[in-house]
>>> print(open('protein-v3.txt').read())   # compact mmCIF, C-alpha atoms and all ligand atoms
# COMPACT_ATOMS: atom_id res chain seq x y z
CA MET N 1 67.34 13.64 143.36
CA ALA N 2 66.53 14.67 139.80
CA ARG N 3 62.93 15.59 139.23
CA THR N 4 61.52 15.83 135.72
CA LEU N 5 59.08 18.64 135.12
CA PRO N 6 55.84 17.79 133.38
CA ALA N 7 55.97 18.54 129.65
CA LEU N 8 54.86 22.11 128.99
CA PRO N 9 52.38 22.82 126.22
CA THR N 10 54.06 24.17 123.10
CA VAL N 11 53.25 27.72 122.03
CA SER N 12 53.06 27.06 118.30
CA GLY N 13 50.68 24.63 116.66
CA PRO N 14 46.93 24.89 116.19
CA THR N 15 46.17 25.66 119.84
CA GLY N 16 49.09 28.02 120.40
CA THR N 17 49.12 31.81 120.50
CA LEU N 18 47.15 33.86 118.02
CA TYR N 19 50.17 35.30 116.27
CA ARG N 20 53.51 33.60 116.67
CA GLY N 21 54.84 31.65 113.71
CA ARG N 22 51.58 31.29 111.86
CA GLU N 23 49.33 33.18 109.43
CA GLY N 24 48.96 36.09 111.86
CA MET N 25 52.71 36.61 112.13
CA TRP N 26 53.52 36.12 108.46
CA SER N 27 50.81 38.51 107.35
CA TRP N 28 52.28 41.11 109.74
CA VAL N 29 55.83 40.52 108.43
CA GLY N 30 54.59 40.83 104.85
CA HIS N 31 52.58 43.95 105.62
CA ARG N 32 55.56 45.63 107.25
CA ILE N 33 58.06 44.84 104.48
CA THR N 34 55.68 45.83 101.67
CA GLY N 35 54.73 49.04 103.52
CA VAL N 36 58.35 50.20 103.79
CA LEU N 37 59.08 49.18 100.19
CA ILE N 38 56.12 51.15 98.83
CA PHE N 39 57.06 54.18 100.95
CA VAL N 40 60.66 54.26 99.69
CA PHE N 41 59.45 53.86 96.12
CA LEU N 42 56.98 56.72 96.59
CA LEU N 43 59.78 59.13 97.56
CA VAL N 44 61.67 58.31 94.34
CA HIS N 45 58.48 58.32 92.26
CA VAL N 46 57.59 61.88 93.31
CA LEU N 47 61.14 62.98 92.44
CA ASP N 48 61.13 61.51 88.93
CA THR N 49 57.62 62.78 88.22
CA ALA N 50 58.75 66.28 89.29
CA LEU N 51 60.90 66.33 86.13
CA VAL N 52 57.74 67.21 84.15
CA THR N 53 58.21 70.77 85.43
CA VAL N 54 61.85 70.86 84.27
CA SER N 55 61.08 70.13 80.61
CA PRO N 56 59.23 67.52 78.50
CA GLN N 57 62.58 66.19 77.22
CA ALA N 58 64.02 65.80 80.72
CA TYR N 59 61.01 63.75 81.83
CA ASP N 60 60.90 61.66 78.65
CA ALA N 61 64.64 60.91 78.87
CA VAL N 62 64.37 59.50 82.40
CA ILE N 63 61.15 57.59 81.69
CA ALA N 64 62.72 56.12 78.54
CA SER N 65 65.59 54.82 80.66
CA TYR N 66 62.98 52.88 82.69
CA LYS N 67 61.51 51.18 79.61
CA ASN N 68 63.52 47.96 79.73
CA PRO N 69 62.79 44.48 81.08
CA VAL N 70 64.93 44.90 84.21
CA VAL N 71 63.04 47.96 85.50
CA GLY N 72 59.85 46.33 84.15
CA LEU N 73 60.34 43.35 86.46
CA GLY N 74 60.91 45.77 89.34
CA GLU N 75 57.57 47.37 88.51
CA ALA N 76 55.91 43.96 88.60
CA GLY N 77 57.43 43.36 92.05
CA LEU N 78 56.10 46.70 93.22
CA VAL N 79 52.60 45.89 91.97
CA ALA N 80 52.83 42.53 93.78
CA ALA N 81 53.75 44.38 97.00
CA VAL N 82 50.95 46.95 96.61
CA LEU N 83 48.32 44.28 95.94
CA PHE N 84 49.36 42.31 99.01
CA HIS N 85 49.51 45.40 101.25
CA ALA N 86 46.14 46.69 100.02
CA PHE N 87 44.20 43.46 100.55
CA ASN N 88 46.00 42.51 103.73
CA GLY N 89 45.15 46.05 104.93
CA ILE N 90 41.48 45.26 104.34
CA ARG N 91 42.00 42.03 106.30
CA ILE N 92 43.47 44.05 109.22
CA MET N 93 40.40 46.31 109.20
CA LEU N 94 38.08 43.29 109.18
CA VAL N 95 39.94 41.79 112.16
CA ASP N 96 39.65 45.13 113.98
CA PHE N 97 36.07 46.10 113.19
CA TRP N 98 34.12 42.99 112.16
CA SER N 99 32.89 40.99 115.14
CA LYS N 100 33.84 37.67 113.54
CA GLY N 101 37.15 39.01 112.13
CA PRO N 102 39.46 37.70 114.87
CA ARG N 103 37.87 34.25 114.70
CA TYR N 104 38.38 34.00 110.94
CA HIS N 105 41.68 35.91 110.69
CA ARG N 106 43.42 32.81 109.33
CA GLN N 107 40.84 32.16 106.63
CA LEU N 108 40.93 35.87 105.79
CA PHE N 109 44.69 35.61 105.26
CA TRP N 110 44.27 32.76 102.77
CA GLY N 111 41.53 34.84 101.15
CA VAL N 112 44.03 37.71 100.77
CA LEU N 113 46.50 35.37 99.05
CA ALA N 114 43.74 34.07 96.76
CA VAL N 115 42.67 37.60 95.72
CA TRP N 116 46.33 38.52 95.29
CA LEU N 117 46.86 35.55 92.93
CA VAL N 118 43.70 36.25 90.92
CA LEU N 119 44.71 39.87 90.33
CA PHE N 120 48.47 39.54 90.05
CA VAL N 121 48.72 36.67 87.55
CA PRO N 122 46.67 38.40 84.80
CA PHE N 123 48.55 41.64 85.50
CA LEU N 124 51.88 39.85 85.19
CA VAL N 125 50.93 38.26 81.86
CA ARG N 126 49.93 41.67 80.47
CA HIS N 127 52.90 43.55 81.93
CA LEU N 128 55.48 40.97 80.77
CA SER N 129 54.08 41.08 77.24
CA ILE N 130 54.53 44.87 77.27
CA ILE N 131 58.01 45.09 78.78
CA PHE N 132 59.40 42.38 76.48
CA SER N 133 58.06 44.09 73.35
CA PRO N 134 59.93 46.92 71.59
CA VAL N 135 59.24 50.52 72.64
CA GLU N 136 57.52 52.60 69.91
CA HIS N 137 58.16 56.29 69.49
CA MET F 1 54.64 49.78 148.62
CA THR F 2 53.31 48.37 151.83
CA ALA F 3 53.20 44.75 150.77
CA VAL F 4 53.50 42.36 153.71
CA GLN F 5 56.16 39.70 153.25
CA SER F 6 56.61 36.75 155.54
CA THR F 7 60.36 36.50 154.92
CA PRO F 8 62.39 39.70 154.98
CA GLY F 9 65.07 39.94 152.29
CA PRO F 10 65.52 40.94 148.65
CA ALA F 11 61.98 39.86 147.88
CA GLN F 12 60.80 43.03 149.61
CA ALA F 13 61.92 44.95 146.54
CA ILE F 14 59.24 43.17 144.50
CA ASP F 15 55.70 44.52 144.48
CA ALA F 16 52.92 42.37 145.81
CA PRO F 17 51.09 40.42 143.08
CA ARG F 18 48.39 42.41 141.28
CA SER F 19 49.44 45.73 142.80
CA PRO F 20 48.42 48.51 140.40
CA TYR F 21 51.00 50.02 138.07
CA ARG F 22 51.12 52.20 134.95
CA ARG F 23 52.49 50.82 131.71
CA SER F 24 53.47 54.28 130.49
CA LYS F 25 53.18 57.89 131.50
CA PRO F 26 49.70 59.25 130.90
CA THR F 27 49.49 61.49 127.84
CA ARG F 28 47.44 64.63 127.40
CA THR F 29 46.07 63.78 123.98
CA ASN F 30 44.79 60.69 122.19
CA PHE F 31 47.22 61.13 119.31
CA GLU F 32 48.02 57.43 118.97
CA LEU F 33 44.34 56.53 118.84
CA TYR F 34 43.71 59.02 116.03
CA ALA F 35 46.83 57.83 114.20
CA TRP F 36 45.55 54.26 114.44
CA LEU F 37 42.15 55.33 113.08
CA PHE F 38 43.77 57.40 110.33
CA MET F 39 45.76 54.35 109.11
CA ARG F 40 42.47 52.54 108.56
CA MET F 41 40.49 55.41 107.03
CA SER F 42 43.29 56.43 104.67
CA GLY F 43 43.78 52.74 103.83
CA VAL F 44 40.22 52.44 102.50
CA LEU F 45 40.66 55.51 100.28
CA LEU F 46 44.12 54.40 99.12
CA VAL F 47 42.74 51.08 97.87
CA VAL F 48 40.68 53.01 95.31
CA LEU F 49 43.26 55.74 94.60
CA VAL F 50 46.35 53.52 94.28
CA LEU F 51 44.77 50.54 92.51
CA GLY F 52 42.94 52.95 90.15
CA HIS F 53 46.24 54.73 89.45
CA LEU F 54 48.01 51.47 88.66
CA PHE F 55 45.15 50.26 86.45
CA VAL F 56 44.97 53.43 84.35
CA ASN F 57 48.75 53.85 83.99
CA LEU F 58 49.97 50.25 83.72
CA VAL F 59 47.08 48.16 82.40
CA LEU F 60 44.84 50.29 80.14
CA GLY F 61 46.10 51.45 76.73
CA ASP F 62 49.69 50.49 76.01
CA GLY F 63 50.53 49.96 79.66
CA ILE F 64 53.85 51.27 80.95
CA HIS F 65 55.08 52.01 77.40
CA GLN F 66 52.44 54.75 76.99
CA VAL F 67 53.87 56.81 79.87
CA ASP F 68 55.69 59.96 78.72
CA PHE F 69 55.28 63.74 79.07
CA ALA F 70 52.32 63.86 76.68
CA PHE F 71 50.53 61.12 78.68
CA VAL F 72 51.04 62.93 82.00
CA ALA F 73 50.01 66.27 80.44
CA GLY F 74 46.88 64.65 79.02
CA LYS F 75 45.88 63.48 82.48
CA TRP F 76 46.78 66.69 84.34
CA ALA F 77 44.93 68.83 81.80
CA SER F 78 41.85 67.63 83.70
CA PRO F 79 41.07 68.71 87.28
CA PHE F 80 39.78 65.19 87.93
CA TRP F 81 43.25 63.62 87.76
CA LYS F 82 44.83 66.58 89.56
CA VAL F 83 42.50 66.07 92.54
CA TRP F 84 43.03 62.30 92.32
CA ASP F 85 46.82 62.55 92.34
CA LEU F 86 46.95 65.28 94.99
CA SER F 87 44.74 63.25 97.36
CA MET F 88 46.81 60.16 96.68
CA LEU F 89 50.06 62.05 97.36
CA TRP F 90 48.91 63.48 100.69
CA LEU F 91 47.16 60.35 101.96
CA ALA F 92 49.94 57.96 100.93
CA MET F 93 52.63 60.20 102.41
CA LEU F 94 50.80 60.67 105.72
CA HIS F 95 49.93 56.96 105.88
CA GLY F 96 53.41 55.80 104.90
CA THR F 97 55.17 58.27 107.22
CA ASN F 98 53.03 57.25 110.17
CA GLY F 99 53.64 53.59 109.35
CA VAL F 100 57.42 54.07 109.20
CA ARG F 101 57.25 56.10 112.45
CA THR F 102 55.68 53.05 114.12
CA ILE F 103 58.41 50.81 112.75
CA ILE F 104 61.18 53.17 113.97
CA ASN F 105 59.57 53.24 117.43
CA ASP F 106 59.52 49.43 117.40
CA TYR F 107 63.12 48.77 116.45
CA ALA F 108 65.31 51.77 117.37
CA GLU F 109 65.94 51.27 121.07
CA ARG F 110 68.34 54.09 121.86
CA ASN F 111 66.64 57.46 122.44
CA GLY F 112 69.08 59.34 120.20
CA THR F 113 68.79 56.88 117.32
CA ARG F 114 65.01 56.94 117.50
CA PHE F 115 64.93 60.73 117.55
CA TRP F 116 67.24 61.23 114.58
CA LEU F 117 65.64 58.53 112.45
CA LYS F 118 62.26 60.20 112.96
CA MET F 119 63.71 63.63 112.17
CA ALA F 120 65.09 62.25 108.88
CA LEU F 121 61.66 60.74 108.20
CA TYR F 122 59.84 64.04 108.80
CA VAL F 123 62.31 65.93 106.60
CA ALA F 124 61.72 63.40 103.79
CA PHE F 125 57.96 63.74 104.33
CA THR F 126 58.03 67.54 104.15
CA LEU F 127 60.29 67.76 101.09
CA THR F 128 58.31 65.14 99.17
CA VAL F 129 54.85 66.54 99.95
CA VAL F 130 55.88 70.14 99.22
CA LEU F 131 57.61 69.19 95.97
CA GLY F 132 54.75 66.96 94.79
CA THR F 133 52.10 69.56 95.65
CA LEU F 134 54.02 72.34 93.85
CA VAL F 135 54.43 70.14 90.76
CA ILE F 136 50.70 69.42 90.53
CA PHE F 137 49.70 73.07 91.10
CA THR F 138 52.28 74.68 88.79
CA PHE F 139 52.14 72.09 86.00
CA ASP F 140 51.79 73.50 82.47
CA PRO F 141 50.78 70.87 79.88
CA CYS F 142 51.89 73.15 77.00
CA PRO F 143 55.13 74.85 78.02
CA VAL F 144 56.62 77.25 75.44
CA GLY F 145 60.21 78.39 74.99
CA ALA F 146 63.31 77.94 72.92
CA ASP F 147 64.46 74.98 75.02
CA ILE F 148 61.18 73.07 74.70
CA ASP F 149 61.02 70.19 72.23
CA ALA F 150 57.53 70.67 70.72
CA SER F 151 57.36 67.07 69.47
CA ALA F 152 57.20 65.87 73.10
CA LEU F 153 54.06 67.93 73.79
CA PRO F 154 50.53 66.47 73.83
CA SER F 155 48.57 66.81 70.57
CA PHE F 156 46.19 69.48 71.98
CA CYS F 157 48.99 72.04 72.44
CA PRO F 158 49.11 74.94 69.91
CA ALA F 159 52.88 74.52 69.51
CA ARG F 160 52.32 71.12 67.89
C1 LIG V 201 46.57 50.50 99.03
C2 LIG V 201 45.88 50.71 100.12
C3 LIG V 201 46.46 50.58 101.52
C4 LIG V 201 45.82 49.98 102.56
C5 LIG V 201 44.43 49.33 102.54
C6 LIG V 201 46.69 50.08 103.70
C7 LIG V 201 46.36 49.64 104.97
C8 LIG V 201 47.19 49.66 106.06
C9 LIG V 201 46.82 49.28 107.40
C10 LIG V 201 45.42 48.86 107.83
C11 LIG V 201 47.94 49.38 108.16
C12 LIG V 201 48.06 48.92 109.59
C13 LIG V 201 48.21 50.00 110.60
C14 LIG V 201 48.31 49.37 111.98
O1 LIG V 201 48.69 48.21 112.13
O2 LIG V 201 47.97 50.10 112.91
C15 LIG V 201 49.02 49.82 107.32
C16 LIG V 201 50.32 50.00 107.73
C17 LIG V 201 51.32 50.53 106.94
N1 LIG V 201 51.18 50.99 105.65
FE1 LIG V 201 49.55 50.83 104.50
N2 LIG V 201 47.87 50.69 103.34
C18 LIG V 201 47.76 51.04 102.01
C19 LIG V 201 48.71 51.72 101.27
C20 LIG V 201 49.97 52.08 101.73
C21 LIG V 201 50.94 52.88 100.98
C22 LIG V 201 50.70 53.50 99.61
C23 LIG V 201 52.06 52.97 101.77
C24 LIG V 201 53.37 53.68 101.51
C25 LIG V 201 53.44 54.92 101.13
C26 LIG V 201 51.81 52.22 102.99
C27 LIG V 201 52.71 52.07 104.04
C28 LIG V 201 52.42 51.47 105.23
C29 LIG V 201 53.38 51.30 106.30
C30 LIG V 201 54.86 51.68 106.26
C31 LIG V 201 52.68 50.70 107.37
C32 LIG V 201 53.24 50.29 108.75
C33 LIG V 201 53.41 48.81 108.84
C34 LIG V 201 53.66 48.33 110.26
O3 LIG V 201 53.46 49.07 111.22
O4 LIG V 201 54.03 47.15 110.38
N3 LIG V 201 50.53 51.70 102.93
N4 LIG V 201 48.54 50.00 106.03
>>> encode(input="protein-v3.txt", output="structure tokens", more="lines below")
Ligand code: HEM
Amino acid sequence: MARTLPALPTVSGPTGTLYRGREGMWSWVGHRITGVLIFVFLLVHVLDTALVTVSPQAYDAVIASYKNPVVGLGEAGLVAAVLFHAFNGIRIMLVDFWSKGPRYHRQLFWGVLAVWLVLFVPFLVRHLSIIFSPVEH
Amino acid sequence: MTAVQSTPGPAQAIDAPRSPYRRSKPTRTNFELYAWLFMRMSGVLLVVLVLGHLFVNLVLGDGIHQVDFAFVAGKWASPFWKVWDLSMLWLAMLHGTNGVRTIINDYAERNGTRFWLKMALYVAFTLTVVLGTLVIFTFDPCPVGADIDASALPSFCPAR
């Protein structure tokens, strides 16, 4: 005789687990991806900056090759990643050390996105106006 | 285990509920605790160091277009920016390397893969930190020589 089991509560949704599939998980995914991206960039960035000890011309030649809109957009993406990682990092510390942090972790996440937007949009306007203008010598 | 089972059989291989067990082998040091704390303490400092770096280099003045040898030399002529950049290099590299170490431990399941990925990470860490530190300490804002293009030097250099 077939018996139907009572419906089990779902794990996602407002009363589900703290992390899976919601703000907690997405902030973690974003933090991880941006962290690796910034780290890989840093390795390259130290290498290109080391050219200052080769000669002024060597450094200027490589930096000049970066001064175009394609690399400029990459720089904007990097700044977007750093801003998210930095403010989400502060959110992680608040969740860890502030007694009310875990209760408000979701609101804190939306706060991170708000701060990110407020800082990134003006930066983007300024940076785009620079990278799409001619380079002076 | 001395758990008492009413029915003998394969179930005997299973520990009694709530019998004590260890999740992992005990370690001698609290390395992971200090690493966890370091991620947070370095994070606070990096907010100031990294966002300040981006603001001065990409937003003030002519933004990214101002960056060239003379700009870097102008900054590194002052001990303030040397200390700033050296702290940022060491903290970001330690923080980033520890972060990537965590990620490798999470995803690389085979012992050999995990070991070699971390070795590659530590080699990259060492090369980058040594190179970056040498560059900051040996930097000369006014290099002289036949192969140096004086027009690329900052305005305070005698060769200009
Ligand atoms: C700008 C200021 C920064 C802040 C406030 C910050 C904060 C944090 C915090 C709190 C963690 C979490 C550690 C944990 O979960 O135990 C973390 C992880 C990480 N950070 Fe940063 N960080 C910053 C900059 C950087 C930089 C410059 C890099 C790269 C060089 C980086 C790479 C990483 C990586 C790879 C992880 C590991 C992510 C993971 O385990 O999922 N962070 N950061």
>>> residues_around(input="protein-v3.txt", residues="Leu49 of chain F", least_positions_apart="2", cutoff="9 Å", atoms="only C-alpha atoms", output="compact mmCIF listing (two decimals) with C-alpha atoms, in the frame of the given file")
# COMPACT_ATOMS: atom_id res chain seq x y z
CA LEU F 45 40.66 55.51 100.28
CA LEU F 46 44.12 54.40 99.12
CA VAL F 47 42.74 51.08 97.87
CA LEU F 51 44.77 50.54 92.51
CA GLY F 52 42.94 52.95 90.15
CA HIS F 53 46.24 54.73 89.45
CA LEU F 54 48.01 51.47 88.66
CA TRP F 84 43.03 62.30 92.32
CA ASP F 85 46.82 62.55 92.34
CA SER F 87 44.74 63.25 97.36
CA MET F 88 46.81 60.16 96.68
>>> interface_residues(input="protein-v3.txt", of="chain N", to="chain F", cutoff="7 Å", atoms="all atoms listed in the file", output="CSV table (one decimal) with C-alpha atoms, in the frame of the given file")
chain,number,residue,atom,x,y,z
N,36,VAL,CA,58.4,50.2,103.8
N,39,PHE,CA,57.1,54.2,101.0
N,43,LEU,CA,59.8,59.1,97.6
N,46,VAL,CA,57.6,61.9,93.3
N,50,ALA,CA,58.8,66.3,89.3
N,52,VAL,CA,57.7,67.2,84.2
N,53,THR,CA,58.2,70.8,85.4
N,55,SER,CA,61.1,70.1,80.6
N,56,PRO,CA,59.2,67.5,78.5
N,57,GLN,CA,62.6,66.2,77.2
N,59,TYR,CA,61.0,63.8,81.8
N,60,ASP,CA,60.9,61.7,78.6
N,63,ILE,CA,61.2,57.6,81.7
N,67,LYS,CA,61.5,51.2,79.6
N,86,ALA,CA,46.1,46.7,100.0
N,89,GLY,CA,45.2,46.0,104.9
N,93,MET,CA,40.4,46.3,109.2
N,130,ILE,CA,54.5,44.9,77.3
N,135,VAL,CA,59.2,50.5,72.6
>>> atom_distance(input="protein-v3.txt", atom1="atom C3 of ligand LIG 201 (chain V)", atom2="atom CA of Arg114 of chain F")
25.3 Å
>>> atom_distance(input="protein-v3.txt", atom1="atom CA of Gln107 of chain N", atom2="atom CA of Arg20 of chain N")
16.2 Å
>>> atom_distance(input="protein-v3.txt", atom1="atom CA of Leu73 of chain N", atom2="atom CA of Asn98 of chain F")
28.4 Å
>>> closest_atom_pairs(input="protein-v3.txt", of="chain N", to="ligand LIG 201 (chain V)", cutoff="12 Å", atoms="only C-alpha atoms and all ligand atoms", output="Markdown table")
| residue | atom | partner | partner_atom | distance |
| --- | --- | --- | --- | --- |
| N:Met25 | CA | V:LIG201 | O4 | 10.8 |
| N:Trp26 | CA | V:LIG201 | O4 | 11.2 |
| N:Ser27 | CA | V:LIG201 | O4 | 9.7 |
| N:Trp28 | CA | V:LIG201 | O4 | 6.3 |
| N:Val29 | CA | V:LIG201 | O4 | 7.1 |
| N:Gly30 | CA | V:LIG201 | O4 | 8.4 |
| N:His31 | CA | V:LIG201 | C33 | 5.9 |
| N:Arg32 | CA | V:LIG201 | O4 | 3.8 |
| N:Ile33 | CA | V:LIG201 | O4 | 7.5 |
| N:Thr34 | CA | V:LIG201 | C27 | 7.3 |
| N:Gly35 | CA | V:LIG201 | C27 | 3.7 |
| N:Val36 | CA | V:LIG201 | C30 | 4.5 |
| N:Leu37 | CA | V:LIG201 | C24 | 7.4 |
| N:Ile38 | CA | V:LIG201 | C24 | 4.6 |
| N:Phe39 | CA | V:LIG201 | C25 | 3.7 |
| N:Val40 | CA | V:LIG201 | C25 | 7.4 |
| N:Phe41 | CA | V:LIG201 | C25 | 7.9 |
| N:Leu42 | CA | V:LIG201 | C25 | 6.0 |
| N:Leu43 | CA | V:LIG201 | C25 | 8.4 |
| N:Val44 | CA | V:LIG201 | C25 | 11.2 |
| N:His45 | CA | V:LIG201 | C25 | 10.8 |
| N:Val46 | CA | V:LIG201 | C25 | 11.3 |
| N:Leu78 | CA | V:LIG201 | C22 | 10.8 |
| N:Val79 | CA | V:LIG201 | C1 | 10.4 |
| N:Ala80 | CA | V:LIG201 | C1 | 11.4 |
| N:Ala81 | CA | V:LIG201 | C1 | 9.7 |
| N:Val82 | CA | V:LIG201 | C1 | 6.1 |
| N:Leu83 | CA | V:LIG201 | C1 | 7.2 |
| N:Phe84 | CA | V:LIG201 | C1 | 8.7 |
| N:His85 | CA | V:LIG201 | N2 | 5.9 |
| N:Ala86 | CA | V:LIG201 | C1 | 4.0 |
| N:Phe87 | CA | V:LIG201 | C5 | 6.2 |
| N:Asn88 | CA | V:LIG201 | C5 | 7.1 |
| N:Gly89 | CA | V:LIG201 | C7 | 3.8 |
| N:Ile90 | CA | V:LIG201 | C5 | 5.3 |
| N:Arg91 | CA | V:LIG201 | C10 | 7.8 |
| N:Ile92 | CA | V:LIG201 | C10 | 5.4 |
| N:Met93 | CA | V:LIG201 | C10 | 5.8 |
| N:Leu94 | CA | V:LIG201 | C10 | 9.3 |
| N:Val95 | CA | V:LIG201 | C10 | 9.9 |
| N:Asp96 | CA | V:LIG201 | C10 | 9.2 |
| N:Phe97 | CA | V:LIG201 | C10 | 11.1 |
| N:Val112 | CA | V:LIG201 | C5 | 11.8 |
>>> residues_around(input="protein-v3.txt", residues="segment 68-72 of chain N", least_positions_apart="5", cutoff="8 Å", atoms="all atoms listed in the file", output="PyMOL selection string")
chain N and resi 127-128+131-132
>>> decode(input="protein-v3.txt", residues="segment 66-83 of chain F", atoms="N, CA, C and O atoms", output="PDB file, in the first residue's frame")
ATOM      1  N   GLN F  66      47.579  60.182 -16.059  1.00  0.00           N
ATOM      2  CA  GLN F  66      48.741  60.847 -15.468  1.00  0.00           C
ATOM      3  C   GLN F  66      49.859  59.850 -15.127  1.00  0.00           C
ATOM      4  O   GLN F  66      50.980  60.236 -14.862  1.00  0.00           O
ATOM      5  N   VAL F  67      49.510  58.547 -15.117  1.00  0.00           N
ATOM      6  CA  VAL F  67      50.488  57.565 -14.638  1.00  0.00           C
ATOM      7  C   VAL F  67      51.584  57.326 -15.677  1.00  0.00           C
ATOM      8  O   VAL F  67      51.317  56.943 -16.811  1.00  0.00           O
ATOM      9  N   ASP F  68      52.825  57.619 -15.289  1.00  0.00           N
ATOM     10  CA  ASP F  68      54.004  57.304 -16.094  1.00  0.00           C
ATOM     11  C   ASP F  68      55.197  57.284 -15.141  1.00  0.00           C
ATOM     12  O   ASP F  68      55.005  57.415 -13.920  1.00  0.00           O
ATOM     13  N   PHE F  69      56.417  57.135 -15.673  1.00  0.00           N
ATOM     14  CA  PHE F  69      57.582  57.040 -14.793  1.00  0.00           C
ATOM     15  C   PHE F  69      57.695  58.264 -13.881  1.00  0.00           C
ATOM     16  O   PHE F  69      57.933  58.127 -12.669  1.00  0.00           O
ATOM     17  N   ALA F  70      57.506  59.457 -14.447  1.00  0.00           N
ATOM     18  CA  ALA F  70      57.666  60.677 -13.657  1.00  0.00           C
ATOM     19  C   ALA F  70      56.661  60.717 -12.495  1.00  0.00           C
ATOM     20  O   ALA F  70      56.984  61.155 -11.388  1.00  0.00           O
ATOM     21  N   PHE F  71      55.449  60.219 -12.734  1.00  0.00           N
ATOM     22  CA  PHE F  71      54.425  60.188 -11.679  1.00  0.00           C
ATOM     23  C   PHE F  71      54.845  59.241 -10.549  1.00  0.00           C
ATOM     24  O   PHE F  71      54.789  59.598  -9.367  1.00  0.00           O
ATOM     25  N   VAL F  72      55.294  58.049 -10.920  1.00  0.00           N
ATOM     26  CA  VAL F  72      55.726  57.071  -9.913  1.00  0.00           C
ATOM     27  C   VAL F  72      56.932  57.623  -9.141  1.00  0.00           C
ATOM     28  O   VAL F  72      56.987  57.548  -7.910  1.00  0.00           O
ATOM     29  N   ALA F  73      57.887  58.218  -9.880  1.00  0.00           N
ATOM     30  CA  ALA F  73      59.092  58.758  -9.237  1.00  0.00           C
ATOM     31  C   ALA F  73      58.723  59.870  -8.275  1.00  0.00           C
ATOM     32  O   ALA F  73      59.290  59.981  -7.180  1.00  0.00           O
ATOM     33  N   GLY F  74      57.753  60.697  -8.674  1.00  0.00           N
ATOM     34  CA  GLY F  74      57.305  61.779  -7.799  1.00  0.00           C
ATOM     35  C   GLY F  74      56.753  61.240  -6.492  1.00  0.00           C
ATOM     36  O   GLY F  74      57.011  61.777  -5.411  1.00  0.00           O
ATOM     37  N   LYS F  75      56.007  60.140  -6.579  1.00  0.00           N
ATOM     38  CA  LYS F  75      55.463  59.552  -5.347  1.00  0.00           C
ATOM     39  C   LYS F  75      56.573  58.906  -4.519  1.00  0.00           C
ATOM     40  O   LYS F  75      56.683  59.141  -3.319  1.00  0.00           O
ATOM     41  N   TRP F  76      57.417  58.082  -5.163  1.00  0.00           N
ATOM     42  CA  TRP F  76      58.425  57.339  -4.403  1.00  0.00           C
ATOM     43  C   TRP F  76      59.633  58.178  -4.010  1.00  0.00           C
ATOM     44  O   TRP F  76      60.573  57.676  -3.384  1.00  0.00           O
ATOM     45  N   ALA F  77      59.634  59.470  -4.368  1.00  0.00           N
ATOM     46  CA  ALA F  77      60.669  60.361  -3.836  1.00  0.00           C
ATOM     47  C   ALA F  77      60.374  60.622  -2.361  1.00  0.00           C
ATOM     48  O   ALA F  77      61.228  61.092  -1.620  1.00  0.00           O
ATOM     49  N   SER F  78      59.143  60.340  -1.943  1.00  0.00           N
ATOM     50  CA  SER F  78      58.753  60.595  -0.550  1.00  0.00           C
ATOM     51  C   SER F  78      58.630  59.288   0.234  1.00  0.00           C
ATOM     52  O   SER F  78      58.028  58.326  -0.249  1.00  0.00           O
ATOM     53  N   PRO F  79      59.219  59.247   1.446  1.00  0.00           N
ATOM     54  CA  PRO F  79      59.123  58.027   2.263  1.00  0.00           C
ATOM     55  C   PRO F  79      57.678  57.661   2.591  1.00  0.00           C
ATOM     56  O   PRO F  79      57.363  56.485   2.775  1.00  0.00           O
ATOM     57  N   PHE F  80      56.805  58.672   2.625  1.00  0.00           N
ATOM     58  CA  PHE F  80      55.401  58.410   2.937  1.00  0.00           C
ATOM     59  C   PHE F  80      54.808  57.382   1.973  1.00  0.00           C
ATOM     60  O   PHE F  80      54.219  56.374   2.394  1.00  0.00           O
ATOM     61  N   TRP F  81      54.976  57.602   0.679  1.00  0.00           N
ATOM     62  CA  TRP F  81      54.383  56.680  -0.301  1.00  0.00           C
ATOM     63  C   TRP F  81      55.147  55.360  -0.375  1.00  0.00           C
ATOM     64  O   TRP F  81      54.590  54.331  -0.745  1.00  0.00           O
ATOM     65  N   LYS F  82      56.451  55.406  -0.019  1.00  0.00           N
ATOM     66  CA  LYS F  82      57.204  54.143   0.004  1.00  0.00           C
ATOM     67  C   LYS F  82      56.662  53.234   1.111  1.00  0.00           C
ATOM     68  O   LYS F  82      56.435  52.042   0.898  1.00  0.00           O
ATOM     69  N   VAL F  83      56.444  53.816   2.292  1.00  0.00           N
ATOM     70  CA  VAL F  83      55.903  53.031   3.404  1.00  0.00           C
ATOM     71  C   VAL F  83      54.489  52.560   3.065  1.00  0.00           C
ATOM     72  O   VAL F  83      54.119  51.407   3.316  1.00  0.00           O
TER      73      VAL F  83
END
